[in-house]
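Here the structure is laid out as structure tokens; the discussion comes afterwards.
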There are 2 protein chains.
Amino acid sequence: MAEPTKPKRATVRDVAEEAAVSIATVSRWLNGSIKLPDGTAERIRRSIDKLRYEPNLHARRLSLGKTDTLALVVPDIADPFFATLAGSVEAAAESFGFGLVLCATLNRPAREVDYIGRVYRNHVDGLLFATNHPDDGTLLSAIEGQSGVVLLDEDVPGVNAPKVFCDNRKGGRQATEYLVAAGHRRIGFIGGVEGVMSAVERSGGYAEALKAANIPIDPALIDFGGYTAEQGRSATRKLLELAEPPTAIFASSDQIAIGSLDVLREAGISVPGEMSMVAYDDVAPFKFFSPALTAVRQPVADMGRRGVERLVSQITDPAFEMTEERLPVQLMQRGSVAPPADVYRLSRLIKTWRTKR
Amino acid sequence: MAEPTKPKRATVRDVAEEAAVSIATVSRWLNGSIKLPDGTAERIRRSIDKLRYEPNLHARRLSLGKTDTLALVVPDIADPFFATLAGSVEAAAESFGFGLVLCATLNRPAREVDYIGRVYRNHVDGLLFATNHPDDGTLLSAIEGQSGVVLLDEDVPGVNAPKVFCDNRKGGRQATEYLVAAGHRRIGFIGGVEGVMSAVERSGGYAEALKAANIPIDPALIDFGGYTAEQGRSATRKLLELAEPPTAIFASSDQIAIGSLDVLREAGISVPGEMSMVAYDDVAPFKFFSPALTAVRQPVADMGRRGVERLVSQITDPAFEMTEERLPVQLMQRGSVAPPADVYRLSRLIKTWRTKR
DNA sequence: ATGTATTGGTAAACAGGTTTACTAAAGGCT
DNA sequence: AGCCTTTAGTAAACCTGTTTACCAATACAT
């Protein structure tokens, strides 16, 4: 029984021999760095067809020292936010002639650092990096001095690299202003991991809006923890435990809103009847929630596309400027905000919820 | 001004020289195909440390002819279904020591074929393929004879490759039986692209359940078109235009359900008050919809993991069996199904909706 | 006729690993 | 002492492109 031998693929040498020219001639003709008389070109063309020659990618990469591949590193690709980002990054990379390798860190710093090293190790030509957690200096020193990295969505403070973020401060302010305009004065803020740029900025916008409306800031209404449904749940529980609970919640991510909604539902608190809510991101199908959730929409796909553009610019011209760029957000007004009403009913509901627990 | 020269990386040759052994010794020691006396090994170790040697990946791939990389090709990575799949595939690949490159076809056959060629062209060692549309033979001939491809979620009929699918027929039957048990007899079926395996099987399960309950099958209640929100919208409109509209809808994907819900909402038809619904996939946060949507849950993450397991088995042992495997689905009972009631009210709502249009 | 471009190529080095075939020296056995 | 087997290692070929340095022949100008 014969081994199922892999069909041997043709190489440049085979083509050159078949076309009766030298290897260099074939290679240079293929790469357009030489032009040949019609006869010779035609012979080469025919040999390539005949032998079904396709250049060996690895040989090419070894020889050229570049890969025409980009990497996207995100905490979790299954998260709709990052999935949307990945979709736009893939499309943009493709349009520039780059492939995309996908890296999910699951927030393990070791993996983040490892992936960042891939651009140094020449596994990819460039890297789009989105993290989720504050940096203790590890990421900074891993990225530092590395060219070909662009930061997406979340900052790694101190890094000198092109950055593409959204306007978190404005988003935080818009959401809060909208709630204030509806008449709310006690507004809960549920934030991401404490210290992370986006959380700092969104809460900053929240504080700004309150200050502008002469509403004192109550630290008890502010809770950081992460953009997760679990954080949404636990922070909402804390808010409901307060002596003077809020009449509105600004949930600063999709997942937080989903978790918060869960607790409110379990407590029998209706939105926006007894509690108003504004969410953030607007990647989840909030339009179909009940009520349709009002949310600050981040231009996630734009961010991915723009990140690739800047990365490619940087790869082709390493002197490319390392500026930070902010993309505008937009408040999508739907049905989860109403004037505060029936505060008595709210506190009754909360009381029975507390005893139930 | 000096060029910002790339720091030259150390090669095996440098290490060998530094450690005063031959290249072959270093290479073989690194790959564990030889053991050396402590002294020599220690010298090599130290040289590697000193020179910060890291093997060049491309040279390694060229030499070995393998890449330790898998590709996942899906129609659209931003779709939560495929994003979830991608997440589990990435994790599983990682656990086997493989990287993952991501390919979104956006349902363009040319891209699908091109990506499939990548395993032949040695860009990746294996490929997980999920499509979305019926095959006109193009895919079949592209995959045929290609080893190292496994099919996920959707079939390409005729292909001899390992396949990992979910039990669509059972899912379709369960959903329909559940609706029938609630008392429905006119049940709309909104399916994927006509002819695609999953759509055929889910509708097959639907038909089986009706037959078992002695309910005649009305073709007017069945509509194929694709697992998209737009299909959900248009099919639902058609159902509402019927002389005798259904009292329940089986939406055979998340997106279809979302689109269908949109039209029902616009028509003022409440779920499950006037219309019951069962969805499929259960990747969207249906728990937080109002009503919480009852849905058949597909084990998407399991499918990804299992696909990688089988792909890796096949890569390491090409004689690996090309069987088809079915993963069980599960009906998640939530709040979108009720007995048919108030048919009069439903038809009144539909009438006013029709005139409004 | 001689010098100079231009055209149409070539041979060989290089990228950086892996692997095969082979050798020299030391150890063990009779 | 003579022979065999390990042990420790080497030189060189190979994987497949790209690129540099260079040459021969023709075309053109003087």
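Ligands are numbered from 1 in the order shown, residues from 1 within each chain, and chains are lettered A, B, ... in the order they appear in the structure tokens.
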
Give the superposed chain A as a short mmCIF file (atom, residue, chain, number, x, y, z; two decimals) with C-alpha atoms, in the first residue's frame, the fit being least squares on chain B over all ordered C-alpha pairs.
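Result file follows (part_24.cif):
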data_model
loop_
_atom_site.label_atom_id
_atom_site.label_comp_id
_atom_site.auth_asym_id
_atom_site.auth_seq_id
_atom_site.Cartn_x
_atom_site.Cartn_y
_atom_site.Cartn_z
CA MET A 1 20.71 60.51 11.14
CA ALA A 2 20.94 56.79 11.52
CA GLU A 3 18.19 54.61 10.16
CA PRO A 4 16.08 53.21 12.98
CA THR A 5 17.54 49.78 12.26
CA LYS A 6 15.62 46.80 13.43
CA PRO A 7 17.53 45.05 16.18
CA LYS A 8 18.94 42.00 14.52
CA ARG A 9 17.64 38.88 16.13
CA ALA A 10 19.86 36.01 17.09
CA THR A 11 19.68 32.83 15.03
CA VAL A 12 20.58 29.24 15.77
CA ARG A 13 23.93 29.91 14.18
CA ASP A 14 24.68 32.65 16.66
CA VAL A 15 23.69 30.42 19.52
CA ALA A 16 25.76 27.56 18.17
CA GLU A 17 28.79 29.76 17.79
CA GLU A 18 28.40 31.25 21.24
CA ALA A 19 28.03 27.81 22.78
CA ALA A 20 30.83 26.40 20.65
CA VAL A 21 28.76 23.58 19.23
CA SER A 22 27.26 22.98 15.83
CA ILE A 23 23.93 24.27 14.57
CA ALA A 24 22.53 20.79 14.37
CA THR A 25 23.30 20.16 17.99
CA VAL A 26 21.40 23.23 19.09
CA SER A 27 18.46 22.51 16.89
CA ARG A 28 18.15 18.89 17.87
CA TRP A 29 18.62 19.63 21.52
CA LEU A 30 15.88 22.26 21.36
CA ASN A 31 13.53 19.83 19.71
CA GLY A 32 14.33 17.08 22.15
CA SER A 33 15.63 14.71 19.54
CA ILE A 34 18.96 14.31 21.26
CA LYS A 35 20.18 14.49 24.80
CA LEU A 36 23.43 16.09 25.72
CA PRO A 37 25.79 15.94 28.68
CA ASP A 38 25.02 18.55 31.29
CA GLY A 39 27.95 20.76 30.42
CA THR A 40 27.01 21.16 26.78
CA ALA A 41 23.33 21.62 27.52
CA GLU A 42 24.12 24.26 30.07
CA ARG A 43 26.32 26.13 27.61
CA ILE A 44 23.56 26.14 25.04
CA ARG A 45 21.00 27.23 27.60
CA ARG A 46 23.18 30.11 28.63
CA SER A 47 23.85 31.21 25.06
CA ILE A 48 20.15 31.25 24.33
CA ASP A 49 19.53 33.39 27.37
CA LYS A 50 22.37 35.71 26.62
CA LEU A 51 21.44 36.28 23.00
CA ARG A 52 17.70 36.25 23.73
CA TYR A 53 17.34 33.71 21.02
CA GLU A 54 13.86 32.90 19.80
CA PRO A 55 13.44 30.62 16.81
CA ASN A 56 12.18 32.25 13.66
CA LEU A 57 8.65 31.07 13.11
CA HIS A 58 8.71 31.39 9.34
CA ALA A 59 11.93 29.47 8.95
CA ARG A 60 10.47 26.79 11.14
CA ARG A 61 7.30 26.63 9.11
CA LEU A 62 9.15 26.55 5.85
CA SER A 63 11.38 23.81 7.07
CA LEU A 64 8.70 21.74 8.71
CA GLY A 65 5.93 22.42 6.25
CA LYS A 66 3.41 22.93 8.98
CA THR A 67 2.04 25.95 10.72
CA ASP A 68 0.38 25.00 14.00
CA THR A 69 -2.42 27.26 12.93
CA LEU A 70 -6.07 26.59 12.26
CA ALA A 71 -8.51 28.69 10.28
CA LEU A 72 -12.13 29.31 11.10
CA VAL A 73 -14.27 30.45 8.25
CA VAL A 74 -17.71 31.83 8.99
CA PRO A 75 -20.12 34.02 7.08
CA ASP A 76 -20.00 36.90 9.56
CA ILE A 77 -18.03 37.15 12.74
CA ALA A 78 -20.16 39.99 14.10
CA ASP A 79 -23.17 37.68 14.20
CA PRO A 80 -23.43 36.60 17.85
CA PHE A 81 -23.93 33.00 16.80
CA PHE A 82 -20.64 32.85 14.95
CA ALA A 83 -18.91 35.03 17.51
CA THR A 84 -19.76 32.51 20.19
CA LEU A 85 -18.55 29.76 17.93
CA ALA A 86 -15.33 31.65 17.29
CA GLY A 87 -14.77 32.12 20.99
CA SER A 88 -14.94 28.44 21.74
CA VAL A 89 -12.90 27.52 18.69
CA GLU A 90 -10.17 29.93 19.68
CA ALA A 91 -10.02 28.56 23.19
CA ALA A 92 -9.98 24.96 22.02
CA ALA A 93 -7.33 25.62 19.38
CA GLU A 94 -5.18 27.33 21.98
CA SER A 95 -5.46 24.37 24.29
CA PHE A 96 -4.09 22.13 21.55
CA GLY A 97 -1.26 24.52 20.81
CA PHE A 98 -2.72 25.95 17.65
CA GLY A 99 -3.27 29.56 16.70
CA LEU A 100 -6.40 30.68 14.92
CA VAL A 101 -6.85 32.82 11.86
CA LEU A 102 -10.23 34.26 11.27
CA CYS A 103 -11.97 34.41 7.92
CA ALA A 104 -15.30 36.06 7.30
CA THR A 105 -16.77 35.23 3.92
CA LEU A 106 -19.76 37.55 4.01
CA ASN A 107 -21.31 34.75 2.00
CA ARG A 108 -19.23 35.43 -1.05
CA PRO A 109 -18.51 32.09 -2.67
CA ALA A 110 -15.23 33.33 -4.12
CA ARG A 111 -13.93 34.04 -0.64
CA GLU A 112 -15.11 30.71 0.66
CA VAL A 113 -13.27 28.89 -2.08
CA ASP A 114 -10.19 31.00 -1.58
CA TYR A 115 -10.10 30.29 2.12
CA ILE A 116 -10.54 26.58 1.58
CA GLY A 117 -7.50 26.67 -0.69
CA ARG A 118 -5.43 27.92 2.21
CA VAL A 119 -5.11 24.52 3.71
CA TYR A 120 -3.87 23.16 0.40
CA ARG A 121 -1.49 26.07 0.10
CA ASN A 122 -0.21 25.23 3.55
CA HIS A 123 -1.17 28.53 5.06
CA VAL A 124 -2.87 26.63 7.85
CA ASP A 125 -2.84 23.04 9.00
CA GLY A 126 -6.57 22.70 9.16
CA LEU A 127 -9.79 24.52 8.64
CA LEU A 128 -13.14 24.71 10.37
CA PHE A 129 -15.79 25.62 7.87
CA ALA A 130 -19.24 27.00 8.58
CA THR A 131 -21.39 28.20 5.75
CA ASN A 132 -24.79 29.67 5.54
CA HIS A 133 -26.11 29.04 2.11
CA PRO A 134 -26.81 26.06 -0.12
CA ASP A 135 -24.01 24.81 -2.31
CA ASP A 136 -24.20 24.79 -6.07
CA GLY A 137 -21.32 22.37 -6.27
CA THR A 138 -18.62 25.00 -5.95
CA LEU A 139 -17.92 24.29 -2.32
CA LEU A 140 -18.17 20.57 -2.81
CA SER A 141 -15.48 20.55 -5.43
CA ALA A 142 -13.35 23.00 -3.46
CA ILE A 143 -13.41 20.84 -0.35
CA GLU A 144 -13.34 17.51 -2.11
CA GLY A 145 -10.07 15.71 -1.76
CA GLN A 146 -8.89 18.31 0.71
CA SER A 147 -7.89 16.74 3.95
CA GLY A 148 -7.88 18.83 7.10
CA VAL A 149 -11.30 20.37 6.74
CA VAL A 150 -14.14 19.88 9.18
CA LEU A 151 -17.66 21.13 8.61
CA LEU A 152 -19.43 22.95 11.39
CA ASP A 153 -23.09 23.69 11.93
CA GLU A 154 -24.18 23.49 8.32
CA ASP A 155 -23.61 20.77 5.75
CA VAL A 156 -22.08 20.89 2.31
CA PRO A 157 -23.80 17.84 0.88
CA GLY A 158 -21.59 15.21 -0.64
CA VAL A 159 -18.44 16.27 1.12
CA ASN A 160 -16.49 13.49 2.75
CA ALA A 161 -15.17 15.17 5.87
CA PRO A 162 -15.69 15.12 9.61
CA LYS A 163 -18.87 16.98 10.43
CA VAL A 164 -20.17 18.44 13.66
CA PHE A 165 -23.77 19.59 13.57
CA CYS A 166 -26.63 20.07 15.98
CA ASP A 167 -29.75 18.00 16.02
CA ASN A 168 -31.92 20.29 13.94
CA ARG A 169 -34.70 17.85 13.33
CA LYS A 170 -35.21 17.20 17.00
CA GLY A 171 -35.00 20.92 17.73
CA GLY A 172 -37.67 21.63 15.14
CA ARG A 173 -39.86 18.93 16.53
CA GLN A 174 -39.43 19.97 20.15
CA ALA A 175 -40.29 23.58 19.42
CA THR A 176 -43.36 22.61 17.44
CA GLU A 177 -44.52 20.00 19.91
CA TYR A 178 -44.29 22.56 22.65
CA LEU A 179 -46.47 24.94 20.69
CA VAL A 180 -48.92 22.16 19.85
CA ALA A 181 -49.07 21.17 23.50
CA ALA A 182 -50.02 24.74 24.33
CA GLY A 183 -53.01 24.30 22.04
CA HIS A 184 -51.84 25.87 18.79
CA ARG A 185 -52.91 24.37 15.49
CA ARG A 186 -51.91 27.11 13.11
CA ILE A 187 -48.19 27.55 13.58
CA GLY A 188 -46.07 29.64 11.27
CA PHE A 189 -42.60 28.39 10.41
CA ILE A 190 -39.97 30.92 9.43
CA GLY A 191 -36.93 29.19 8.09
CA GLY A 192 -33.45 29.78 6.82
CA VAL A 193 -32.40 29.73 3.20
CA GLU A 194 -34.40 27.11 1.36
CA GLY A 195 -32.53 23.90 0.77
CA VAL A 196 -29.90 24.40 3.41
CA MET A 197 -29.58 21.37 5.65
CA SER A 198 -30.48 23.06 8.89
CA ALA A 199 -33.57 24.65 7.36
CA VAL A 200 -34.67 21.38 5.78
CA GLU A 201 -34.22 19.54 9.04
CA ARG A 202 -35.83 22.09 11.30
CA SER A 203 -38.83 22.33 9.01
CA GLY A 204 -38.79 18.54 8.83
CA GLY A 205 -39.06 18.38 12.60
CA TYR A 206 -41.84 20.93 12.44
CA ALA A 207 -43.74 18.80 9.92
CA GLU A 208 -43.17 15.66 11.95
CA ALA A 209 -44.62 17.23 15.06
CA LEU A 210 -47.67 18.46 13.19
CA LYS A 211 -48.21 15.10 11.57
CA ALA A 212 -47.94 13.39 14.92
CA ALA A 213 -50.67 15.69 16.21
CA ASN A 214 -52.82 15.13 13.15
CA ILE A 215 -52.56 18.74 12.13
CA PRO A 216 -52.53 19.25 8.37
CA ILE A 217 -49.51 21.07 7.01
CA ASP A 218 -50.38 24.35 5.37
CA PRO A 219 -47.60 25.48 2.98
CA ALA A 220 -48.80 29.06 3.35
CA LEU A 221 -47.55 28.96 6.94
CA ILE A 222 -44.05 28.00 5.90
CA ASP A 223 -41.54 30.51 4.66
CA PHE A 224 -37.86 30.11 3.92
CA GLY A 225 -35.39 32.88 3.28
CA GLY A 226 -32.42 33.03 5.60
CA TYR A 227 -31.56 33.34 9.27
CA THR A 228 -31.75 37.12 9.20
CA ALA A 229 -33.80 39.74 10.96
CA GLU A 230 -35.00 40.91 7.58
CA GLN A 231 -36.36 37.46 6.78
CA GLY A 232 -38.06 37.53 10.19
CA ARG A 233 -39.72 40.79 9.31
CA SER A 234 -40.87 39.95 5.81
CA ALA A 235 -42.06 36.44 6.65
CA THR A 236 -44.01 37.73 9.61
CA ARG A 237 -45.68 40.32 7.41
CA LYS A 238 -46.67 37.57 5.00
CA LEU A 239 -48.08 35.51 7.82
CA LEU A 240 -50.14 38.43 9.01
CA GLU A 241 -51.49 38.96 5.51
CA LEU A 242 -52.92 35.45 5.47
CA ALA A 243 -56.69 34.95 5.42
CA GLU A 244 -56.23 32.70 8.39
CA PRO A 245 -53.10 33.87 10.20
CA PRO A 246 -51.23 31.68 12.67
CA THR A 247 -51.57 31.94 16.43
CA ALA A 248 -47.94 31.00 16.96
CA ILE A 249 -44.64 31.43 15.19
CA PHE A 250 -41.63 29.16 15.22
CA ALA A 251 -38.76 31.47 14.34
CA SER A 252 -35.89 29.22 13.45
CA SER A 253 -33.07 31.57 14.42
CA ASP A 254 -32.29 34.33 16.87
CA GLN A 255 -32.23 36.97 14.21
CA ILE A 256 -35.49 35.80 12.65
CA ALA A 257 -37.14 36.03 16.05
CA ILE A 258 -35.79 39.53 16.54
CA GLY A 259 -37.14 40.68 13.17
CA SER A 260 -40.45 38.95 13.72
CA LEU A 261 -40.83 40.57 17.11
CA ASP A 262 -40.21 43.90 15.45
CA VAL A 263 -43.17 43.50 13.10
CA LEU A 264 -45.42 42.14 15.81
CA ARG A 265 -44.60 45.09 18.00
CA GLU A 266 -45.28 47.49 15.16
CA ALA A 267 -48.64 45.78 14.65
CA GLY A 268 -49.43 46.03 18.31
CA ILE A 269 -49.67 42.27 18.62
CA SER A 270 -48.52 41.16 22.03
CA VAL A 271 -46.47 38.07 22.73
CA PRO A 272 -47.64 35.69 24.05
CA GLY A 273 -51.06 37.35 24.46
CA GLU A 274 -52.11 37.22 20.84
CA MET A 275 -49.16 35.41 19.33
CA SER A 276 -46.90 32.77 20.79
CA MET A 277 -43.30 32.39 19.71
CA VAL A 278 -40.47 29.92 19.96
CA ALA A 279 -37.06 31.00 18.75
CA TYR A 280 -33.94 29.02 17.87
CA ASP A 281 -30.22 29.24 18.72
CA ASP A 282 -30.64 31.06 22.02
CA VAL A 283 -27.43 32.97 21.75
CA ALA A 284 -29.10 36.39 22.01
CA PRO A 285 -30.00 37.50 25.52
CA PHE A 286 -33.58 36.30 25.14
CA LYS A 287 -33.86 36.02 28.87
CA PHE A 288 -34.11 39.79 28.99
CA PHE A 289 -36.53 40.29 26.18
CA SER A 290 -40.09 40.97 27.01
CA PRO A 291 -41.47 38.48 27.14
CA ALA A 292 -38.47 36.32 27.85
CA LEU A 293 -38.32 34.28 24.69
CA THR A 294 -38.73 30.55 24.76
CA ALA A 295 -36.10 29.10 22.45
CA VAL A 296 -34.35 25.95 21.38
CA ARG A 297 -30.79 26.28 22.58
CA GLN A 298 -28.02 25.02 20.37
CA PRO A 299 -24.77 24.01 22.09
CA VAL A 300 -22.72 26.42 20.05
CA ALA A 301 -19.63 26.42 22.21
CA ASP A 302 -19.63 22.62 22.38
CA MET A 303 -19.83 22.50 18.63
CA GLY A 304 -16.74 24.69 18.29
CA ARG A 305 -14.77 22.71 20.81
CA ARG A 306 -15.76 19.39 19.34
CA GLY A 307 -14.92 20.60 15.86
CA VAL A 308 -11.40 21.51 16.93
CA GLU A 309 -10.93 18.18 18.66
CA ARG A 310 -11.87 16.33 15.54
CA LEU A 311 -9.81 18.58 13.31
CA VAL A 312 -6.73 18.07 15.42
CA SER A 313 -7.29 14.31 15.43
CA GLN A 314 -7.52 14.39 11.70
CA ILE A 315 -4.37 16.42 11.30
CA THR A 316 -2.33 14.12 13.47
CA ASP A 317 -3.91 11.01 11.98
CA PRO A 318 -5.18 11.55 8.44
CA ALA A 319 -6.90 8.18 8.52
CA PHE A 320 -9.22 9.59 11.12
CA GLU A 321 -12.80 8.64 10.48
CA MET A 322 -14.95 11.07 8.54
CA THR A 323 -18.11 10.63 10.50
CA GLU A 324 -20.96 13.02 11.09
CA GLU A 325 -21.80 13.91 14.63
CA ARG A 326 -24.94 15.43 16.10
CA LEU A 327 -25.00 17.50 19.26
CA PRO A 328 -28.22 17.60 21.31
CA VAL A 329 -30.35 20.73 21.57
CA GLN A 330 -32.47 21.83 24.47
CA LEU A 331 -35.74 23.70 24.72
CA MET A 332 -35.45 26.64 27.08
CA GLN A 333 -38.94 27.32 28.37
CA ARG A 334 -39.49 30.94 29.14
CA GLY A 335 -42.44 33.26 28.71
CA SER A 336 -43.30 33.63 25.03
CA VAL A 337 -45.74 30.76 24.68
CA ALA A 338 -49.33 30.76 25.89
CA PRO A 339 -52.49 29.03 24.75
CA PRO A 340 -54.07 30.64 21.72
CA ALA A 341 -56.59 33.14 23.03
CA ASP A 342 -58.48 36.10 21.79
CA VAL A 343 -58.24 35.18 18.13
CA TYR A 344 -60.81 37.82 17.46
CA ARG A 345 -58.62 40.50 18.96
CA LEU A 346 -55.68 39.24 16.91
CA SER A 347 -57.56 39.53 13.64
CA ARG A 348 -58.77 43.02 14.57
CA LEU A 349 -55.21 44.09 15.26
CA ILE A 350 -54.08 42.62 11.99
CA LYS A 351 -56.84 44.38 10.11
CA THR A 352 -55.89 47.80 11.43
CA TRP A 353 -52.22 47.02 10.78
CA ARG A 354 -53.05 46.17 7.17
CA THR A 355 -54.91 49.38 6.56
CA LYS A 356 -52.14 51.39 8.15
CA ARG A 357 -49.61 50.06 5.68
#

Polymer residues at most 10 Å from segment 4-6 of chain D, only C-alpha atoms (C1' of nucleotides), same-chain spacing of 2 or more positions, as an MDAnalysis selection string: (chainID C and resid 26:29) or (chainID D and resid 2 8)

Mind dumping the selected residues with C-alpha atoms (C1' of nucleotides) as a compact mmCIF listing (two decimals), in the first residue's frame?
# COMPACT_ATOMS: atom_id res chain seq x y z
C1' DA C 26 34.76 6.50 25.06
C1' DG C 27 32.90 2.40 27.46
C1' DG C 28 31.92 -2.52 27.92
C1' DC C 29 32.77 -7.31 27.04
C1' DG D 2 40.25 -6.68 19.60
C1' DA D 8 28.36 13.30 21.55

Shell around segment 19-25 of chain D at 9 Å using only C-alpha atoms (C1' of nucleotides), local window under 3 positions removed, as a PyMOL selection string: (chain A and resi 24+28) or (chain C and resi 7-11+13-14)

Every residue of segment 58-248 of chain A that DSSP places in strand (DSSP E or B), as a VMD selection string: chain A and resid 69 to 74 99 to 104 126 to 129 149 to 152 163 to 166 187 to 190 222 to 223 248

Just to be explicit: take each residue in the selection above, keep C-alpha atoms, and write the result as a CSV table (one decimal), in the first residue's frame.
chain,number,residue,atom,x,y,z
A,69,THR,CA,-1.1,39.6,8.6
A,70,LEU,CA,-2.5,41.6,11.4
A,71,ALA,CA,-3.5,40.4,14.9
A,72,LEU,CA,-6.4,41.5,16.9
A,73,VAL,CA,-6.2,40.9,20.6
A,74,VAL,CA,-9.4,41.3,22.6
A,99,GLY,CA,-5.1,38.6,6.9
A,100,LEU,CA,-6.2,38.6,10.5
A,101,VAL,CA,-5.3,36.3,13.4
A,102,LEU,CA,-7.5,36.4,16.3
A,103,CYS,CA,-6.3,36.4,19.9
A,104,ALA,CA,-8.5,36.2,23.0
A,126,GLY,CA,1.0,44.7,13.2
A,127,LEU,CA,-1.3,44.4,16.1
A,128,LEU,CA,-4.6,45.9,17.2
A,129,PHE,CA,-4.8,45.8,21.0
A,149,VAL,CA,0.8,48.4,17.8
A,150,VAL,CA,-2.4,50.4,17.9
A,151,LEU,CA,-4.6,50.7,20.9
A,152,LEU,CA,-8.3,50.3,20.5
A,163,LYS,CA,-4.8,55.2,19.7
A,164,VAL,CA,-8.4,55.0,18.6
A,165,PHE,CA,-11.0,55.5,21.3
A,166,CYS,CA,-14.5,56.7,21.7
A,187,ILE,CA,-28.8,58.7,39.5
A,188,GLY,CA,-26.9,55.5,40.1
A,189,PHE,CA,-23.7,55.0,38.1
A,190,ILE,CA,-22.5,51.5,37.4
A,222,ILE,CA,-21.3,55.2,42.2
A,223,ASP,CA,-20.0,51.7,41.8
A,248,ALA,CA,-32.4,56.1,37.6

Distance table requested - chain D against chain A, cut-off 10 Å, only C-alpha atoms (C1' of nucleotides): one row per qualifying residue with the closest atom pair and its distance in Å to one decimal, ordered by chain and rising residue number, as JSON lines.
{"residue": "D:DC15", "atom": "C1'", "partner": "A:Ala59", "partner_atom": "CA", "distance": 7.9}
{"residue": "D:DT16", "atom": "C1'", "partner": "A:Ala59", "partner_atom": "CA", "distance": 4.9}
{"residue": "D:DG17", "atom": "C1'", "partner": "A:Ala59", "partner_atom": "CA", "distance": 5.0}
{"residue": "D:DT18", "atom": "C1'", "partner": "A:Ser63", "partner_atom": "CA", "distance": 6.0}
{"residue": "D:DT19", "atom": "C1'", "partner": "A:Ala24", "partner_atom": "CA", "distance": 8.4}

Test item: residues at most 12 Å from DC22 of chain C, only C-alpha atoms (C1' of nucleotides), excluding those fewer than 6 positions along its chain, as a ChimeraX atom specification: /D:9-12

Contacts between chain B and chain C, please, where a residue of chain C counts if it comes within 10 Å (with only C-alpha atoms (C1' of nucleotides)); show its shortest atom pair and distance in Å to one decimal, rows by chain and ascending number, as a Markdown table.
| residue | atom | partner | partner_atom | distance |
| --- | --- | --- | --- | --- |
| C:DA15 | C1' | B:Ala59 | CA | 7.7 |
| C:DG16 | C1' | B:Ala59 | CA | 5.0 |
| C:DG17 | C1' | B:Ala59 | CA | 4.8 |
| C:DT18 | C1' | B:Ser63 | CA | 6.0 |
| C:DT19 | C1' | B:Ala24 | CA | 8.4 |

Written file, previous selection with C-alpha atoms (C1' of nucleotides), as a PDB file, in the first residue's frame:
ATOM      1  C1'  DA C  15      16.479  34.407   4.919  1.00  0.00           C
ATOM      2  C1'  DG C  16      16.717  30.739   9.378  1.00  0.00           C
ATOM      3  C1'  DG C  17      15.397  26.837  10.607  1.00  0.00           C
ATOM      4  C1'  DT C  18      15.329  20.956  10.413  1.00  0.00           C
ATOM      5  C1'  DT C  19      17.201  16.600   9.311  1.00  0.00           C
TER       6       DT C  19
END

Interatomic distance (Å, one decimal) between atom C1' of DA24 of chain C and atom C1' of DA1 of chain D: 20.0 Å

One-decimal distance in Å that lies between atom C1' of DA25 of chain C and atom C1' of DC14 of chain D: 29.2 Å
